[in-house]
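> Take a look at the following structure, please.
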Amino acid sequence: MTFELDIDKIKEQGLQLVDMAKKTALDLADKGKNQLDLVNAQTRLSKAQRQLGALVYSLHKSGEDNQPLVDKYIENIAEIEASIESIKAHMSAAEAEEAEAAAVDAADVTDAAEASAEEPEEEVDEFAGRPTKVCPVCSARVDVDALFCNHCGAQL
């Protein structure tokens, strides 16, 4: 009889340990998912901010004004920032700092990849006598230094 009680007790403790391990594994998975979501959102924010800056510069350089397009980029940035704050609300300060450091590393990798991407074909604009690019989305001619199309807003 004593032997059976010990086995039942061991079985009960084993089930408790399994439940604790399962809870810990789920907590770690949630923590990792939150950190990954934060890194992805911060990378998107960095890219959106660079795109906005490039768009504003390109519009200024060409003497054009497209405030609705600029507003669209600003709204996108605000949405991403709200998403980041929502994710951070579910994390500890240490977890958020760790994820932010990872986002900086990810942004560096993204910058390097974008820099090595193939540039759109350059053509000489016969009317202005200066080099231009052709937008791959709307086929509009844009300045060779433009990072965004002034007509449709596509990234070049």
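To be explicit about the labels: the chains of the structure tokens are called A, B, and onward in the order shown, and within each one the residues are counted from 1, while ligands get numbers from 1 in the order they are shown.
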May I have the residues within 8 Å of Gln51 (chain A) as a short mmCIF file (atom, residue, chain, number, x, y, z; two decimals) with N, CA, C and O atoms, in the first residue's frame, using only C-alpha atoms and disregarding those fewer than 2 positions away in the same chain?


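Once written, result-v1.cif looks like this:
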data_model
loop_
_atom_site.label_atom_id
_atom_site.label_comp_id
_atom_site.auth_asym_id
_atom_site.auth_seq_id
_atom_site.Cartn_x
_atom_site.Cartn_y
_atom_site.Cartn_z
N LYS A 47 11.91 52.30 -42.04
CA LYS A 47 11.80 52.35 -43.50
C LYS A 47 10.78 53.41 -43.93
O LYS A 47 11.03 54.18 -44.86
N ALA A 48 9.64 53.47 -43.24
CA ALA A 48 8.61 54.46 -43.58
C ALA A 48 9.12 55.88 -43.37
O ALA A 48 8.83 56.78 -44.16
N GLN A 49 9.90 56.10 -42.32
CA GLN A 49 10.45 57.43 -42.06
C GLN A 49 11.45 57.82 -43.14
O GLN A 49 11.46 58.96 -43.61
N GLY A 53 11.05 60.99 -45.77
CA GLY A 53 12.10 62.00 -45.98
C GLY A 53 12.54 62.07 -47.43
O GLY A 53 12.71 63.16 -47.99
N ALA A 54 12.70 60.92 -48.05
CA ALA A 54 13.11 60.90 -49.45
C ALA A 54 12.03 61.49 -50.35
O ALA A 54 12.33 62.21 -51.30
N LEU A 55 10.77 61.22 -50.03
CA LEU A 55 9.67 61.77 -50.82
C LEU A 55 9.64 63.29 -50.72
O LEU A 55 9.55 63.98 -51.73
N LEU A 147 14.00 58.86 -55.02
CA LEU A 147 13.82 57.56 -54.40
C LEU A 147 12.37 57.11 -54.50
O LEU A 147 12.06 55.94 -54.30
N PHE A 148 11.48 58.08 -54.82
CA PHE A 148 10.06 57.80 -54.95
C PHE A 148 9.54 58.50 -56.18
O PHE A 148 10.03 59.54 -56.57
N GLN A 155 8.09 53.44 -54.43
CA GLN A 155 9.52 53.51 -54.13
C GLN A 155 10.28 53.05 -55.36
O GLN A 155 9.95 52.05 -55.97
#

> I'd like the neighbourhood of region 90-101 of chain A as a PyMOL selection string, where a residue qualifies if any of its atoms comes within 8 Å (using only C-alpha atoms), though same-chain residues fewer than 3 positions away should be ignored.

chain A and resi 31+34-36+38-39+42+86-87+104-105

> How many Å lie between CA of Tyr73 (chain A) and CA of Gly153 (chain A), rounded to one decimal?

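These atoms are spaced 9.3 Å apart.
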